[in-house]
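Remarks on the structure that follows.
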Amino acid sequence: MYSQVINYIKQRVEISREEIEESLKYSDFKKYAKGDYILRAGEHCRFIGFLNKGFIVTTFVDETGNEKASEFKHEGCFFTYTEGLTNNNPSHKNFIAIEDCETLVLNKEYLPVIFKANPKFETLFSQILAEELRVVLLNEQNRKTMSAEERYLALENTIPGALQRIPVKYIAGYLGIEAPSLSRLRRRLAGK
(Lines give C-alpha, C1' and ligand atoms only; values in the text may rest on other atoms or scores of the structure.)
Protein backbone atom coordinates (compact mmCIF):
# COMPACT_ATOMS: atom_id res chain seq x y z
CA MET A 1 0.00 0.00 0.00
CA TYR A 2 2.84 2.42 0.78
CA SER A 3 5.49 1.30 -1.70
CA GLN A 4 4.61 3.86 -4.42
CA VAL A 5 4.53 6.84 -2.06
CA ILE A 6 7.74 5.71 -0.36
CA ASN A 7 9.50 5.48 -3.74
CA TYR A 8 8.14 8.92 -4.73
CA ILE A 9 9.39 10.50 -1.51
CA LYS A 10 12.81 8.80 -1.59
CA GLN A 11 13.37 10.14 -5.12
CA ARG A 12 12.92 13.70 -3.83
CA VAL A 13 14.51 13.82 -0.38
CA GLU A 14 17.14 11.79 1.42
CA ILE A 15 15.12 10.05 4.09
CA SER A 16 14.84 6.59 5.62
CA ARG A 17 11.93 4.25 5.11
CA GLU A 18 11.32 4.33 8.88
CA GLU A 19 11.03 8.14 8.86
CA ILE A 20 8.54 7.96 6.01
CA GLU A 21 6.48 5.24 7.66
CA GLU A 22 6.37 7.25 10.90
CA SER A 23 4.82 10.18 9.05
CA LEU A 24 2.47 8.00 7.00
CA LYS A 25 0.69 6.95 10.18
CA TYR A 26 -1.10 10.31 9.90
CA SER A 27 -2.59 9.37 6.53
CA ASP A 28 -5.73 7.41 5.71
CA PHE A 29 -6.26 4.92 2.91
CA LYS A 30 -9.35 5.89 0.89
CA LYS A 31 -11.05 4.40 -2.12
CA TYR A 32 -13.15 6.37 -4.58
CA ALA A 33 -15.41 4.77 -7.16
CA LYS A 34 -15.46 5.96 -10.76
CA GLY A 35 -17.54 9.16 -10.83
CA ASP A 36 -17.03 10.05 -7.16
CA TYR A 37 -16.16 13.63 -6.31
CA ILE A 38 -13.03 13.81 -4.20
CA LEU A 39 -13.41 17.58 -3.86
CA ARG A 40 -16.24 19.80 -5.13
CA ALA A 41 -15.98 23.39 -6.24
CA GLY A 42 -16.88 25.60 -3.26
CA GLU A 43 -15.49 23.17 -0.68
CA HIS A 44 -12.31 23.83 1.25
CA CYS A 45 -9.45 21.48 0.49
CA ARG A 46 -8.21 20.06 3.78
CA PHE A 47 -5.96 17.34 2.40
CA ILE A 48 -3.01 16.29 0.34
CA GLY A 49 -3.56 13.02 -1.48
CA PHE A 50 -1.33 10.49 -3.18
CA LEU A 51 -2.88 8.45 -5.98
CA ASN A 52 -1.84 4.79 -5.72
CA LYS A 53 -4.25 3.56 -8.39
CA GLY A 54 -6.66 5.18 -10.80
CA PHE A 55 -7.11 8.45 -12.63
CA ILE A 56 -8.48 11.83 -11.50
CA VAL A 57 -9.62 14.81 -13.54
CA THR A 58 -9.84 18.35 -12.20
CA THR A 59 -12.59 20.42 -13.78
CA PHE A 60 -13.87 23.97 -13.56
CA VAL A 61 -16.91 25.75 -14.94
CA ASP A 62 -15.98 28.36 -17.55
CA GLU A 63 -17.61 31.76 -18.09
CA THR A 64 -20.24 30.20 -20.39
CA GLY A 65 -21.24 27.60 -17.78
CA ASN A 66 -19.49 24.64 -19.43
CA GLU A 67 -17.43 22.18 -17.44
CA LYS A 68 -13.84 22.01 -18.68
CA ALA A 69 -11.04 19.66 -17.67
CA SER A 70 -7.97 21.52 -16.48
CA GLU A 71 -5.65 18.73 -15.33
CA PHE A 72 -5.31 14.97 -14.99
CA LYS A 73 -3.68 13.01 -12.18
CA HIS A 74 -2.53 9.42 -12.56
CA GLU A 75 -0.89 6.75 -10.42
CA GLY A 76 2.16 7.91 -8.52
CA CYS A 77 1.11 11.58 -8.22
CA PHE A 78 0.28 13.80 -5.30
CA PHE A 79 -2.87 15.88 -5.69
CA THR A 80 -4.38 18.79 -3.80
CA TYR A 81 -6.06 22.11 -4.49
CA THR A 82 -2.78 23.99 -4.61
CA GLU A 83 -4.35 27.41 -5.04
CA GLY A 84 -6.17 27.18 -1.71
CA LEU A 85 -4.11 24.83 0.39
CA THR A 86 -2.16 27.44 2.31
CA ASN A 87 -4.64 30.32 2.36
CA ASN A 88 -7.80 28.25 2.90
CA ASN A 89 -9.74 29.61 -0.10
CA PRO A 90 -12.59 27.41 -1.31
CA SER A 91 -11.84 25.38 -4.39
CA HIS A 92 -12.92 26.62 -7.81
CA LYS A 93 -12.27 23.11 -9.17
CA ASN A 94 -13.84 19.69 -8.90
CA PHE A 95 -11.63 16.64 -8.41
CA ILE A 96 -13.44 13.65 -9.93
CA ALA A 97 -12.38 9.99 -10.05
CA ILE A 98 -12.60 8.91 -13.70
CA GLU A 99 -11.54 5.39 -12.71
CA ASP A 100 -11.80 3.55 -9.42
CA CYS A 101 -9.09 5.10 -7.26
CA GLU A 102 -7.02 4.07 -4.26
CA THR A 103 -5.43 6.96 -2.41
CA LEU A 104 -3.50 7.90 0.68
CA VAL A 105 -4.95 11.09 2.14
CA LEU A 106 -3.25 13.31 4.70
CA ASN A 107 -5.31 15.94 6.52
CA LYS A 108 -3.41 19.22 6.21
CA GLU A 109 -3.91 19.89 9.94
CA TYR A 110 -1.25 17.23 10.59
CA LEU A 111 1.38 19.02 8.48
CA PRO A 112 2.83 21.13 11.35
CA VAL A 113 3.15 17.98 13.51
CA ILE A 114 4.94 16.12 10.70
CA PHE A 115 7.20 19.10 9.90
CA LYS A 116 8.14 19.50 13.56
CA ALA A 117 8.95 15.80 13.91
CA ASN A 118 11.00 15.73 10.70
CA PRO A 119 11.96 18.91 8.78
CA LYS A 120 12.72 16.78 5.68
CA PHE A 121 8.98 16.65 5.08
CA GLU A 122 8.79 20.44 4.91
CA THR A 123 11.36 20.28 2.11
CA LEU A 124 9.32 17.56 0.40
CA PHE A 125 6.10 19.54 0.80
CA SER A 126 7.75 22.60 -0.77
CA GLN A 127 8.89 20.45 -3.70
CA ILE A 128 5.40 18.98 -4.16
CA LEU A 129 3.82 22.45 -4.16
CA ALA A 130 6.45 23.73 -6.59
CA GLU A 131 5.75 20.79 -8.94
CA GLU A 132 1.99 21.37 -8.68
CA LEU A 133 2.37 25.09 -9.34
CA ARG A 134 4.64 24.38 -12.32
CA VAL A 135 1.99 22.08 -13.81
CA VAL A 136 -0.79 24.65 -13.26
CA LEU A 137 1.27 27.42 -14.89
CA LEU A 138 2.42 25.19 -17.76
CA ASN A 139 -1.17 24.15 -18.49
CA GLU A 140 -2.24 27.81 -18.58
CA GLN A 141 0.63 28.71 -20.88
CA ASN A 142 -0.08 25.75 -23.16
CA ARG A 143 -3.76 26.72 -23.38
CA LYS A 144 -2.70 30.10 -24.73
CA THR A 145 0.17 29.09 -27.01
CA MET A 146 -0.48 25.57 -28.33
CA SER A 147 -3.02 24.27 -30.80
CA ALA A 148 -5.51 21.58 -29.78
CA GLU A 149 -3.46 19.04 -31.75
CA GLU A 150 -0.24 20.03 -29.98
CA ARG A 151 -1.92 19.79 -26.57
CA TYR A 152 -3.43 16.41 -27.48
CA LEU A 153 -0.01 15.04 -28.43
CA ALA A 154 1.61 16.61 -25.36
CA LEU A 155 -0.96 14.91 -23.11
CA GLU A 156 -0.19 11.54 -24.68
CA ASN A 157 3.56 12.13 -24.31
CA THR A 158 3.28 13.32 -20.71
CA ILE A 159 0.98 10.51 -19.55
CA PRO A 160 1.37 7.54 -21.94
CA GLY A 161 -1.90 5.68 -22.41
CA ALA A 162 -3.94 8.52 -20.90
CA LEU A 163 -6.00 9.13 -24.01
CA GLN A 164 -7.40 5.59 -23.82
CA ARG A 165 -8.34 6.02 -20.13
CA ILE A 166 -9.88 9.50 -20.15
CA PRO A 167 -13.51 9.95 -21.29
CA VAL A 168 -13.86 11.90 -24.54
CA LYS A 169 -15.79 14.76 -22.90
CA TYR A 170 -12.86 15.49 -20.58
CA ILE A 171 -10.27 15.31 -23.36
CA ALA A 172 -12.36 17.64 -25.53
CA GLY A 173 -12.89 20.04 -22.61
CA TYR A 174 -9.19 19.99 -21.78
CA LEU A 175 -8.35 20.84 -25.40
CA GLY A 176 -11.06 23.51 -25.59
CA ILE A 177 -12.89 21.82 -28.46
CA GLU A 178 -16.17 19.96 -28.94
CA ALA A 179 -16.33 16.14 -29.07
CA PRO A 180 -16.94 16.02 -32.87
CA SER A 181 -13.81 18.14 -33.41
CA LEU A 182 -11.87 15.72 -31.21
CA SER A 183 -13.08 12.82 -33.39
CA ARG A 184 -11.85 14.63 -36.51
CA LEU A 185 -8.52 15.38 -34.82
CA ARG A 186 -8.08 11.72 -33.88
CA ARG A 187 -8.91 10.56 -37.43
CA ARG A 188 -6.45 13.07 -38.89
CA LEU A 189 -3.68 11.96 -36.52
CA ALA A 190 -4.40 8.27 -37.19
CA GLY A 191 -3.99 8.96 -40.94
CA LYS A 192 -0.50 10.44 -40.50
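How things are named: the first chain in the C-alpha coordinates is A, the next is B, and so on; residues count from 1 in each chain; ligands count from 1 in the order shown.
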For Leu51 in chain A, find every residue with an atom within 12 Å (counting only C-alpha atoms), except residues of its own chain fewer than 5 positions away, and show them as a ChimeraX atom specification.
/A:1-5,8,29-32,38,56-57,72-80,97,99-106
Do you know which residues are at most 12 Å from Ile6 in chain A counting only C-alpha atoms, after dropping those on the same chain fewer than 6 positions away, and could you put them as a PyMOL selection string?
chain A and resi 12-24+50+52+76-77+104+124
For range 161-175 of chain A, work out the shell of residues within 8 Å, counting only C-alpha atoms and skipping chain neighbours fewer than 2 positions away, then give it as a list in words.
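Listed by chain and then number, they are Phe55, Val57, Glu67, Lys68, Ala69, Ser70, Glu71, Ile98, Arg143, Ala148, Arg151, Tyr152, Leu155, Glu156, Ile159, Ile177, Glu178, Ala179 and Leu182 of chain A.
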From range 1-184 of chain A, collect each residue whose DSSP state is strand (DSSP E) and return the set as a PyMOL selection string.
chain A and resi 27-32+37-39+47-53+55-61+67-74+77-79+94-97+101-107
Between CA of Gly84 in chain A and CA of Ala33 in chain A, what is the distance, to one decimal in Å?
24.8 Å
Could you give me, as a PyMOL selection string, each residue of range 26-185 of chain A that DSSP assigns to alpha helix (DSSP H) when run on this structure's backbone?
chain A and resi 82-85+111-117+120-145+148-158+162-165+168-175+179-185
Between A:Pro180, A:Arg188, A:Glu132, A:Lys116, single out the one closest to Glu149 in chain A, counting only C-alpha atoms.
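Under the stated criterion, the closest residue is A:Arg188.
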